[in-house]
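Source file: work-v8.cif (mmCIF, C-alpha atoms and all ligand atoms)
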```
data_upload
#
loop_
_atom_site.label_atom_id
_atom_site.label_comp_id
_atom_site.auth_asym_id
_atom_site.auth_seq_id
_atom_site.Cartn_x
_atom_site.Cartn_y
_atom_site.Cartn_z
CA MET L 30 135.51 35.18 84.32
CA VAL L 31 136.74 36.56 87.60
CA GLU L 32 135.13 39.06 89.88
CA ALA L 33 136.77 42.47 90.02
CA VAL L 34 140.43 41.72 90.50
CA ILE L 35 140.77 44.83 92.57
CA GLN L 36 138.36 46.63 94.78
CA PRO L 37 137.00 50.14 94.56
CA ALA L 38 139.41 52.78 95.75
CA HIS L 39 137.70 53.12 99.11
CA GLN L 40 138.19 49.38 99.71
CA VAL L 41 141.73 49.05 98.48
CA GLY L 42 143.12 49.22 101.98
CA ASN L 43 141.01 46.22 102.97
CA VAL L 44 142.33 44.14 100.09
CA ALA L 45 145.88 44.87 101.05
CA GLY L 46 145.10 44.23 104.69
CA LEU L 47 145.79 47.89 105.38
CA SER L 48 143.69 50.82 106.48
CA GLN L 49 142.97 53.54 103.92
CA GLU L 50 145.66 55.74 105.47
CA THR L 51 148.36 53.08 105.56
CA TRP L 52 147.47 52.04 102.02
CA ALA L 53 147.92 55.63 100.87
CA ASP L 54 151.24 55.67 102.73
CA ALA L 55 152.24 52.42 101.01
CA VAL L 56 151.39 53.89 97.62
CA ALA L 57 153.35 57.02 98.45
CA ALA L 58 156.31 54.93 99.55
CA ARG L 59 156.33 53.15 96.19
CA THR L 60 155.69 56.10 93.97
CA GLY L 61 156.67 59.22 95.83
CA PRO L 62 154.47 61.68 97.69
CA ALA L 63 153.13 63.21 94.47
CA THR L 64 150.88 60.21 93.80
CA LYS L 65 147.79 59.73 95.91
CA ILE L 66 144.45 58.06 95.50
CA GLY L 67 142.00 60.53 93.93
CA PRO L 68 140.29 62.81 93.49
CA PHE L 69 142.71 64.09 90.87
CA GLU L 70 142.26 67.27 88.89
CA SER L 71 144.27 65.93 85.99
CA VAL L 72 145.97 62.77 84.79
CA HIS L 73 148.79 62.51 82.28
CA VAL L 74 148.49 59.76 79.71
CA PHE L 75 151.71 58.65 78.06
CA TRP L 76 150.93 56.87 74.80
CA LEU L 77 153.87 54.63 73.90
CA ALA L 78 154.15 53.04 70.47
CA GLY L 79 155.97 49.79 69.89
CA MET L 80 155.69 47.55 66.81
CA SER L 81 152.56 49.35 65.69
CA CYS L 82 150.77 50.35 62.49
CA ASP L 83 149.06 53.28 64.29
CA GLY L 84 145.66 51.71 63.59
CA CYS L 85 144.81 51.76 67.30
CA SER L 86 145.50 55.51 67.43
CA ILE L 87 143.24 56.07 64.43
CA ALA L 88 140.48 53.97 65.99
CA VAL L 89 140.65 55.90 69.26
CA LEU L 90 140.65 59.29 67.56
CA GLY L 91 137.34 58.25 65.97
CA ALA L 92 135.76 57.24 69.28
CA THR L 93 132.43 58.88 70.10
CA SER L 94 131.34 57.49 73.48
CA PRO L 95 133.22 59.23 74.96
CA THR L 96 135.39 61.21 72.57
CA VAL L 97 139.09 61.86 73.08
CA GLU L 98 138.26 65.57 73.07
CA SER L 99 135.85 65.21 75.99
CA LEU L 100 138.53 63.38 77.98
CA MET L 101 141.13 66.02 77.17
CA THR L 102 138.90 68.96 78.05
CA GLY L 103 137.58 67.51 81.30
CA SER L 104 133.99 67.75 80.10
CA LEU L 105 132.95 64.39 81.57
CA PRO L 106 131.57 64.80 85.10
CA ALA L 107 134.00 63.63 87.81
CA VAL L 108 136.58 62.49 85.25
CA PRO L 109 139.88 64.38 85.58
CA ILE L 110 141.34 66.29 82.64
CA VAL L 111 143.54 64.03 80.56
CA TYR L 112 146.85 65.43 79.32
CA LEU L 113 147.52 63.13 76.39
CA HIS L 114 151.15 62.76 75.32
CA HIS L 115 150.90 61.24 71.84
CA THR L 116 153.41 61.71 69.05
CA ALA L 117 150.67 62.21 66.44
CA ILE L 118 148.70 64.95 68.18
CA GLN L 119 151.14 66.79 70.43
CA LEU L 120 152.58 70.10 69.26
CA GLU L 121 155.79 69.79 71.25
CA ALA L 122 158.72 67.90 69.81
CA GLY L 123 162.22 66.92 70.88
CA ASP L 124 163.16 67.60 74.49
CA ALA L 125 159.91 69.47 75.15
CA TYR L 126 158.00 66.31 74.22
CA MET L 127 160.27 64.00 76.19
CA GLU L 128 160.53 66.06 79.37
CA PRO L 129 157.25 64.96 81.06
CA MET L 130 158.08 61.31 80.38
CA ARG L 131 161.50 61.73 81.90
CA ARG L 132 160.03 63.41 84.97
CA ALA L 133 157.40 60.69 85.32
CA ALA L 134 160.08 58.00 85.16
CA ALA L 135 162.08 59.91 87.78
CA GLY L 136 159.04 60.27 90.06
CA THR L 137 159.04 64.08 89.80
CA LEU L 138 156.06 64.64 87.49
CA GLY L 139 153.94 65.90 90.36
CA ALA L 140 150.75 64.35 89.00
CA PRO L 141 149.42 60.83 88.47
CA TYR L 142 149.84 59.24 85.08
CA VAL L 143 148.53 56.33 83.03
CA VAL L 144 150.59 54.46 80.44
CA VAL L 145 148.95 53.32 77.22
CA TYR L 146 150.95 50.96 75.03
CA GLU L 147 150.15 50.42 71.34
CA GLY L 148 151.91 47.78 69.23
CA SER L 149 153.88 44.66 70.05
CA ILE L 150 156.87 44.69 72.33
CA ALA L 151 159.88 43.43 70.42
CA ASP L 152 162.82 41.73 72.08
CA GLU L 153 165.28 44.59 71.92
CA THR L 154 168.21 42.35 72.89
CA LEU L 155 167.92 40.81 69.40
CA ALA L 156 168.28 44.18 67.70
CA ASP L 157 170.92 45.35 70.15
CA ARG L 158 173.28 42.60 68.93
CA THR L 159 173.79 44.57 65.77
CA GLY L 160 173.62 47.96 67.44
CA GLY L 161 170.07 48.71 66.33
CA TYR L 162 166.59 48.86 67.81
CA TRP L 163 163.09 47.76 66.78
CA SER L 164 161.05 50.70 68.07
CA ALA L 165 162.14 53.65 70.16
CA ILE L 166 160.96 56.96 71.59
CA GLY L 167 163.50 59.76 72.04
CA GLU L 168 167.21 59.54 72.59
CA GLU L 169 169.59 60.06 75.45
CA ALA L 170 173.32 59.96 76.14
CA ALA L 171 174.86 56.51 76.39
CA ALA L 172 177.71 55.65 78.75
CA ASP L 173 180.28 56.43 76.04
CA GLY L 174 178.78 59.85 75.39
CA SER L 175 177.07 58.88 72.14
CA LEU L 176 173.32 59.25 71.71
CA ARG L 177 171.21 56.13 71.91
CA GLN L 178 167.58 55.63 70.93
CA VAL L 179 165.53 54.56 73.94
CA PRO L 180 163.39 51.51 73.05
CA SER L 181 159.65 51.85 73.68
CA ALA L 182 159.81 48.68 75.79
CA GLU L 183 162.41 50.35 78.00
CA TRP L 184 160.10 53.31 78.53
CA LEU L 185 157.34 50.89 79.51
CA SER L 186 159.60 49.22 82.07
CA ARG L 187 160.59 52.61 83.48
CA LEU L 188 157.09 54.06 83.67
CA ALA L 189 154.97 51.04 84.63
CA PRO L 190 155.92 50.84 88.35
CA GLY L 191 154.79 54.40 89.08
CA ALA L 192 151.78 54.44 86.76
CA ALA L 193 148.26 54.66 88.16
CA ALA L 194 147.33 52.12 85.47
CA VAL L 195 148.84 50.48 82.39
CA ILE L 196 146.50 49.89 79.47
CA ALA L 197 147.46 47.76 76.47
CA ILE L 198 145.51 48.77 73.39
CA GLY L 199 145.12 46.59 70.32
CA THR L 200 145.93 42.95 69.75
CA CYS L 201 149.65 43.59 69.25
CA ALA L 202 150.01 45.20 72.68
CA THR L 203 147.66 42.79 74.43
CA TRP L 204 148.75 39.41 73.05
CA GLY L 205 151.57 40.04 70.54
CA GLY L 206 149.39 40.15 67.43
CA ILE L 207 150.71 40.14 63.87
CA PRO L 208 154.40 40.75 64.76
CA ALA L 209 154.26 37.71 67.08
CA ALA L 210 152.77 35.45 64.39
CA PHE L 211 154.50 32.30 63.13
CA GLY L 212 158.19 33.02 62.64
CA ASN L 213 158.26 36.02 65.00
CA VAL L 214 161.76 37.14 64.08
CA THR L 215 161.52 40.13 66.44
CA GLY L 216 160.62 38.05 69.50
CA SER L 217 157.44 40.13 69.82
CA MET L 218 155.12 39.81 72.81
CA GLY L 219 152.34 41.63 74.65
CA VAL L 220 152.52 44.01 77.62
CA MET L 221 151.54 41.30 80.13
CA ASP L 222 154.32 39.08 78.79
CA LEU L 223 156.87 41.78 79.50
CA LEU L 224 155.58 43.00 82.87
CA GLY L 225 154.62 39.54 84.17
CA ALA L 226 151.60 38.20 86.03
CA ASP L 227 152.67 39.80 89.31
CA TYR L 228 152.69 43.32 87.91
CA ARG L 229 150.42 45.80 89.66
CA SER L 230 150.34 49.52 89.02
CA ALA L 231 151.10 51.99 91.78
CA LEU L 232 147.42 51.90 92.66
CA GLY L 233 147.18 48.11 92.53
CA VAL L 234 145.71 47.66 89.04
CA PRO L 235 146.98 44.81 86.81
CA VAL L 236 147.45 45.43 83.09
CA VAL L 237 144.14 46.31 81.41
CA ASN L 238 143.76 44.81 77.93
CA ILE L 239 141.64 46.25 75.10
CA PRO L 240 142.28 43.92 72.14
CA GLY L 241 141.27 44.27 68.50
CA CYS L 242 143.03 44.85 65.20
CA ALA L 243 142.10 47.64 65.16
CA PRO L 244 140.13 47.81 68.41
CA VAL L 245 136.80 49.56 68.70
CA GLY L 246 137.78 53.09 69.74
CA ASP L 247 134.81 53.41 72.08
CA ASN L 248 135.91 50.28 73.93
CA PHE L 249 139.11 52.10 74.81
CA THR L 250 137.79 55.55 75.73
CA GLU L 251 134.92 54.04 77.71
CA THR L 252 137.34 51.87 79.70
CA VAL L 253 139.71 54.79 80.29
CA ALA L 254 136.82 56.86 81.64
CA ALA L 255 135.66 53.96 83.85
CA VAL L 256 139.16 53.34 85.24
CA LEU L 257 139.63 57.07 85.88
CA LEU L 258 136.35 57.19 87.80
CA PHE L 259 137.63 54.28 89.88
CA LEU L 260 140.92 56.04 90.51
CA GLN L 261 138.95 59.13 91.54
CA GLY L 262 137.31 57.01 94.20
CA VAL L 263 133.81 57.78 92.91
CA ALA L 264 133.00 54.49 91.18
CA PRO L 265 133.79 50.81 91.61
CA LEU L 266 136.37 49.23 89.38
CA PRO L 267 134.55 47.88 86.34
CA GLU L 268 134.50 44.12 85.96
CA PHE L 269 137.38 42.57 84.04
CA ASP L 270 137.67 38.97 82.91
CA GLU L 271 140.53 36.56 83.55
CA LEU L 272 142.57 38.16 80.72
CA GLY L 273 142.11 41.72 81.93
CA ARG L 274 139.53 42.55 79.26
CA PRO L 275 136.51 44.70 80.17
CA ALA L 276 133.98 41.95 80.87
CA TRP L 277 131.00 43.93 79.60
CA GLN L 278 132.72 44.37 76.23
CA PHE L 279 134.25 40.94 75.71
CA GLY L 280 131.95 38.68 77.72
CA GLU L 281 129.96 37.46 74.71
CA THR L 282 130.87 36.01 71.37
CA VAL L 283 130.46 38.07 68.21
CA HIS L 284 127.95 35.51 67.00
CA ARG L 285 125.49 36.10 69.84
CA ASN L 286 124.99 39.72 68.81
CA CYS L 287 125.54 39.39 65.07
CA PRO L 288 122.74 40.74 62.86
CA ARG L 289 123.15 37.59 60.73
CA ALA L 290 122.70 35.15 63.63
CA GLY L 291 119.06 34.56 62.68
CA PHE L 292 120.17 33.24 59.30
CA TYR L 293 122.54 30.83 61.01
CA GLU L 294 119.77 29.61 63.29
CA GLU L 295 117.47 29.02 60.28
CA GLY L 296 120.25 27.25 58.41
CA THR L 297 120.75 29.68 55.50
CA PHE L 298 124.29 30.66 54.55
CA ALA L 299 126.02 33.06 52.20
CA GLU L 300 127.70 31.42 49.23
CA GLN L 301 129.70 34.46 48.19
CA TYR L 302 130.66 37.88 49.53
CA GLY L 303 127.79 40.29 49.10
CA ASP L 304 125.14 37.76 50.12
CA HIS L 305 123.17 38.88 53.15
CA GLN L 306 122.98 35.57 55.02
CA CYS L 307 125.32 34.15 57.69
CA LEU L 308 128.96 34.15 56.59
CA VAL L 309 130.19 31.06 58.45
CA GLU L 310 130.74 29.02 55.29
CA LEU L 311 132.91 31.83 53.92
CA GLY L 312 135.21 31.60 56.95
CA CYS L 313 133.52 33.46 59.83
CA TRP L 314 134.83 32.55 63.30
CA GLY L 315 132.23 34.63 65.15
CA PRO L 316 130.73 31.76 67.19
CA VAL L 317 134.00 31.35 69.16
CA VAL L 318 135.37 34.89 69.24
CA ASN L 319 134.90 37.33 72.15
CA CYS L 320 134.13 40.74 70.69
CA ASN L 321 131.35 43.33 70.67
CA ILE L 322 131.90 44.92 67.27
CA ALA L 323 128.72 43.51 65.75
CA SER L 324 126.56 45.25 68.36
CA ARG L 325 128.72 48.33 68.91
CA GLY L 326 129.85 49.00 65.36
CA ALA L 327 133.29 50.26 64.35
CA ILE L 328 132.82 54.01 64.72
CA ASN L 329 129.79 55.88 66.05
CA HIS L 330 127.73 52.66 65.97
CA VAL L 331 128.31 52.31 62.24
CA GLY L 332 130.14 49.54 60.38
CA GLY L 333 131.94 46.63 61.94
CA CYS L 334 132.96 43.34 60.33
CA MET L 335 129.77 41.32 59.77
CA ASN L 336 127.63 44.49 59.56
CA ALA L 337 129.73 45.50 56.55
CA GLY L 338 129.81 42.04 54.97
CA GLY L 339 133.16 40.77 56.26
CA VAL L 340 133.84 37.55 58.14
CA CYS L 341 135.21 37.50 61.69
CA ILE L 342 138.87 36.43 61.61
CA GLY L 343 139.29 36.44 65.40
CA CYS L 344 141.41 39.59 65.64
CA THR L 345 140.58 40.21 69.31
CA MET L 346 141.75 36.77 70.44
CA PRO L 347 145.13 35.78 71.92
CA GLY L 348 145.39 33.04 69.26
CA PHE L 349 145.19 35.57 66.41
CA PRO L 350 146.38 35.26 63.69
CA ASP L 351 147.90 31.76 63.63
CA ARG L 352 144.97 29.88 65.17
CA PHE L 353 142.50 31.38 62.68
CA ALA L 354 144.52 31.14 59.46
CA PRO L 355 144.05 30.61 56.59
CA PHE L 356 141.30 33.21 56.67
CA TYR L 357 139.75 32.08 53.37
CA LYS L 358 138.82 28.65 54.78
CA LYS L 359 135.76 28.04 56.93
CA PRO L 360 136.28 26.93 60.56
CA PRO L 361 136.26 23.09 60.60
CA GLY L 362 133.77 22.99 63.49
CA SER L 363 131.22 24.91 61.46
CA THR L 364 130.69 21.83 59.28
CA PHE L 365 128.84 20.15 62.17
CA SER L 366 126.95 23.16 63.49
CA ALA L 367 126.00 24.47 60.06
CA THR L 368 124.80 21.04 58.91
CA GLY L 369 122.70 20.74 62.07
CA ALA L 370 121.22 24.19 61.46
CA LYS L 371 120.45 23.28 57.83
CA LEU L 372 118.60 20.13 58.91
CA THR L 373 116.44 21.82 61.56
CA GLY L 374 116.01 24.78 59.23
CA LEU L 375 114.33 22.50 56.69
CA PHE L 376 111.34 22.25 59.07
CA ILE L 377 111.57 25.53 60.94
CA ARG L 378 111.80 27.87 57.95
CA PRO L 379 108.56 26.80 56.16
CA LEU L 380 106.60 26.83 59.42
CA ARG L 381 107.82 30.33 60.26
CA ARG L 382 106.96 31.60 56.78
CA VAL L 383 103.38 30.34 57.20
CA SER L 384 103.07 32.26 60.50
CA GLU L 385 104.82 35.29 59.04
CA ARG L 386 102.39 35.46 56.12
CA ASP L 387 99.38 35.06 58.41
CA ARG L 388 100.55 37.80 60.74
CA LYS L 389 100.96 40.22 57.88
CA ARG L 390 97.16 40.36 57.61
CA THR L 391 94.41 42.30 59.43
CA ALA L 392 91.12 40.79 60.57
CA LEU L 393 89.27 43.03 58.08
CA TRP L 394 91.32 41.77 55.15
CA ASP L 395 90.44 38.23 56.20
CA GLN L 396 86.71 39.12 56.29
CA ARG L 397 86.85 40.73 52.86
CA GLY L 398 89.12 38.05 51.45
CA GLU L 399 91.45 40.59 49.84
CA THR L 400 94.29 42.93 50.72
CA PRO L 401 93.77 46.55 49.58
CA SER L 402 97.44 47.22 48.83
CA PRO L 403 98.36 48.68 45.46
CA TRP L 404 102.02 47.87 46.01
CA GLY L 405 101.98 44.29 44.87
CA ALA L 406 100.30 40.93 45.08
CA ALA L 407 99.87 40.38 48.82
CA HIS L 408 99.57 36.85 50.09
CA GLU L 409 96.03 35.58 50.62
CA ASN L 410 95.70 32.73 53.09
CA THR L 411 95.15 29.40 51.39
CA PHE L 412 92.92 26.62 52.67
CA ILE L 413 96.06 24.88 54.06
CA ASP L 414 97.18 28.09 55.76
CA ARG L 415 93.81 28.50 57.44
CA LEU L 416 93.80 24.85 58.52
CA VAL L 417 97.28 25.18 60.05
CA HIS L 418 96.27 28.29 61.95
CA ILE L 419 93.09 26.85 63.36
CA GLY L 420 95.31 24.36 65.21
CA TYR L 421 98.02 26.96 65.88
CA ASP L 422 95.59 29.46 67.38
CA TRP L 423 93.88 26.76 69.42
CA ILE L 424 97.23 26.01 71.10
CA ARG L 425 98.01 29.72 71.45
CA HIS L 426 94.71 30.41 73.25
CA SER L 427 94.49 27.26 75.34
CA GLY L 428 94.65 28.00 79.05
CA THR L 429 93.77 31.69 78.59
CA SER L 430 90.46 33.35 79.34
CA ALA L 431 88.51 34.97 76.52
CA LYS L 432 89.33 38.50 77.75
CA ASP L 433 93.06 37.78 77.41
CA ARG L 434 92.84 36.86 73.73
FE1 LIG D 1 127.83 34.11 63.48
FE2 LIG D 1 129.61 34.96 61.70
FE3 LIG D 1 127.26 34.01 60.89
FE4 LIG D 1 127.42 36.36 62.18
S1 LIG D 1 128.24 35.89 60.16
S2 LIG D 1 125.90 34.74 62.49
S3 LIG D 1 129.07 35.94 63.63
S4 LIG D 1 128.86 32.85 61.97
#
```
Could I get this file's structure written as structure tokens?
Amino acid sequence: MVEAVIQPAHQVGNVAGLSQETWADAVAARTGPATKIGPFESVHVFWLAGMSCDGCSIAVLGATSPTVESLMTGSLPAVPIVYLHHTAIQLEAGDAYMEPMRRAAAGTLGAPYVVVYEGSIADETLADRTGGYWSAIGEEAAADGSLRQVPSAEWLSRLAPGAAAVIAIGTCATWGGIPAAFGNVTGSMGVMDLLGADYRSALGVPVVNIPGCAPVGDNFTETVAAVLLFLQGVAPLPEFDELGRPAWQFGETVHRNCPRAGFYEEGTFAEQYGDHQCLVELGCWGPVVNCNIASRGAINHVGGCMNAGGVCIGCTMPGFPDRFAPFYKKPPGSTFSATGAKLTGLFIRPLRRVSERDRKRTALWDQRGETPSPWGAAHENTFIDRLVHIGYDWIRHSGTSAKDR
């Protein structure tokens, strides 16, 4: 993990070895006088779609913390109003839809903008050999006067240099994803592959990556809000890891926050789908996958792979899908870790159950020797239980004064 790759807006000049004024001048020289470091009243967001299934769009429209609506209405304190240009939600069509993009590419938009890219970036030179295209947005006159479809990747190349930030959403846009899997006839790749490691936005931000297939919508809207606050100059840039992922979202493995992790630790595993124990022997890759879906849920803190009974297939990872397939087989490494957990679990589980049963009792029930519950046959401590807990409690109380017990 790396520390913030860029500094807060008020420190950007120091990073570049420039004063705040000369940095602003440098930004203006690269992007035109319309772009300046915040505060901004509004920001345009151009949502470009490449080799996409639209799943990322659906995930983001379901986001709740914050919602797309709150971003678009400027109801978040200090966050500028977001003008979202998205084919699925915008009323305008044709030239009216394309015009702001054209002006942004020409440097005449008159307002800062962010580019969001969804889907893989196909190698358009492959399609161009036969006069076609893989994915395109709008059309414009070619040199011979005919109309040509403008590939999404071309729009990205045009818009990225002047953008305040470029955000890749979903595993296809971040790492290549499904279209870039074994075979990859379209030459698909991620946004960083196209723009290169040296790419920086007009305000000095490298490509931000929010992976997932589909990603957690809140991961995206939360990051957008955080980056906008940074661009406003009112908050530090949030911490990103060495792959440009929000570090607070992707810093842990799924396994560490999985509700089934306790079963793994006690060495009990599901044998079929529908069982409530750990799913590692059914093919779960959670122990080696960076993702927060188990703790955050899919939408509005509800659902999410293991929460809903599904195994983790590593969809947020650059190696997805090839390095996790076939999905129906368990990860080879789990043979060692699961066997170790089963062996220690043989001792740990019975001991914990003894303590669990004892701590389900009150002192009064012990005195009376019965539990007054009409709901079922409650456990009564056996002679062995009491013997175990005499020793257990002696250890628990040793070194403490009587008033602390
Ligand atoms: Fe870990 Fe997967 Fe088991 Fe959850 S289901 S505890 S992520 S191995």
Atom-to-atom span, CA of Ala210 in chain L and CA of Gly348 in chain L, Å: 9.2 Å
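The gap separating CA of Ala88 in chain L from CA of Gln301 in chain L is 28.5 Å, in Å to one decimal.
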Atomic separation - CA of Phe292 in chain L relative to CA of Thr364 in chain L, Å: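 One can read the CA of Thr364 in chain L to CA of Phe292 in chain L distance as 15.5 Å.
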Nearby residues, ligand LIG 1 (chain D), 6 Å, all atoms listed in the file, as a ChimeraX atom specification: /L:283-284,287,289-290,293,307-309,313-316,335
Contacts of Glu98 in chain L at 12 Å (all atoms listed in the file; same-chain gap of 3+ positions) as a ChimeraX atom specification: /L:89-95,101-105,110-113,118,250
Closest of L:Val340, L:Trp394, L:Met346, L:Asp222 to Tyr302 in chain L - atom-to-atom distances counting only C-alpha atoms: L:Val340
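Considering the residues L:Ala151, L:Gln261, L:Ala299, L:Pro361 and counting only C-alpha atoms, Leu223 in chain L has its shortest atom-to-atom contact with L:Ala151.
Around the point (149.3, 32.2, 62.4), within 9 Å and counting all atoms listed in the file, we find these residues: Ile207, Ala209, Ala210, Phe211, Gly212, Gly348, Phe349, Pro350, Asp351, Arg352, Phe353, Ala354 and Pro355 of chain L.
Here the question is which of L:Leu393, L:Ala194, L:Leu257, L:Ala327 gets nearest to Pro106 in chain L using all atoms listed in the file, and that residue is L:Leu257.
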Near-Val234 in chain L list (10 Å; all atoms listed in the file; drop same-chain fewer than 3 positions) as a ChimeraX atom specification: /L:34-36,192-196,228-231,237,256,260,266,273
L:Ile87, L:Glu183, L:Ala165, L:Leu100 ranked by distance to Thr252 in chain L, top pick (using only C-alpha atoms):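 Ranking L:Ile87, L:Glu183, L:Ala165, L:Leu100 by distance to Thr252 in chain L, first place goes to L:Leu100.
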Of the listed residues L:Ile322, L:Ser71, L:Arg274, L:His418, that which approaches Glu385 in chain L most closely, counting only C-alpha atoms: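 For Glu385 in chain L, the nearest of the given residues is L:His418.
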Selection near Lys359 in chain L, 6 Å with all atoms listed in the file, sequence-local residues under 4 positions removed, as a ChimeraX atom specification: /L:310-312
Padding 8 Å on every side, please: axis-aligned box over the listed atoms of range 173-180 of chain L, centre and edge lengths to one decimal in Å, as JSON.
```
{"center_x": 171.8, "center_y": 55.7, "center_z": 73.5, "size_x": 32.9, "size_y": 24.3, "size_z": 21.1}
```
Spatial neighbours of Gly296 in chain L, 10 Å, only C-alpha atoms, chain gap at least 4 places, as a list in words: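 The contact residues come out as Ala290, Gly291, Phe292, Gln306, Cys307, Ser366, Ala367, Thr368, Gly369, Ala370, Lys371, Leu372, Thr373, Gly374, Leu375, Ile377 and Arg378 of chain L.
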Which of L:Arg386, L:Ser186, L:Ile328, L:Pro68 sits closest to Val245 in chain L [using all atoms listed in the file]: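 Between L:Arg386, L:Ser186, L:Ile328, L:Pro68, the residue approaching Val245 in chain L most closely is L:Ile328.
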Using all atoms listed in the file - which residues lie no farther than 12 Å from the point (129.4, 37.4, 74.7) in the file's frame? Write them as an mmCIF file with C-alpha atoms, keeping the file's coordinate frame.
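The result, stored in part-v5.cif:
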```cif
data_model
loop_
_atom_site.group_PDB
_atom_site.id
_atom_site.type_symbol
_atom_site.label_atom_id
_atom_site.label_comp_id
_atom_site.auth_asym_id
_atom_site.auth_seq_id
_atom_site.Cartn_x
_atom_site.Cartn_y
_atom_site.Cartn_z
ATOM 1 C CA MET L 30 135.510 35.180 84.320
ATOM 2 C CA ASP L 270 137.670 38.970 82.910
ATOM 3 C CA PRO L 275 136.510 44.700 80.170
ATOM 4 C CA ALA L 276 133.980 41.950 80.870
ATOM 5 C CA TRP L 277 131.000 43.930 79.600
ATOM 6 C CA GLN L 278 132.720 44.370 76.230
ATOM 7 C CA PHE L 279 134.250 40.940 75.710
ATOM 8 C CA GLY L 280 131.950 38.680 77.720
ATOM 9 C CA GLU L 281 129.960 37.460 74.710
ATOM 10 C CA THR L 282 130.870 36.010 71.370
ATOM 11 C CA VAL L 283 130.460 38.070 68.210
ATOM 12 C CA HIS L 284 127.950 35.510 67.000
ATOM 13 C CA ARG L 285 125.490 36.100 69.840
ATOM 14 C CA ASN L 286 124.990 39.720 68.810
ATOM 15 C CA CYS L 287 125.540 39.390 65.070
ATOM 16 C CA GLY L 315 132.230 34.630 65.150
ATOM 17 C CA PRO L 316 130.730 31.760 67.190
ATOM 18 C CA VAL L 317 134.000 31.350 69.160
ATOM 19 C CA VAL L 318 135.370 34.890 69.240
ATOM 20 C CA ASN L 319 134.900 37.330 72.150
ATOM 21 C CA CYS L 320 134.130 40.740 70.690
ATOM 22 C CA ASN L 321 131.350 43.330 70.670
ATOM 23 C CA ILE L 322 131.900 44.920 67.270
ATOM 24 C CA ALA L 323 128.720 43.510 65.750
ATOM 25 C CA SER L 324 126.560 45.250 68.360
#
```
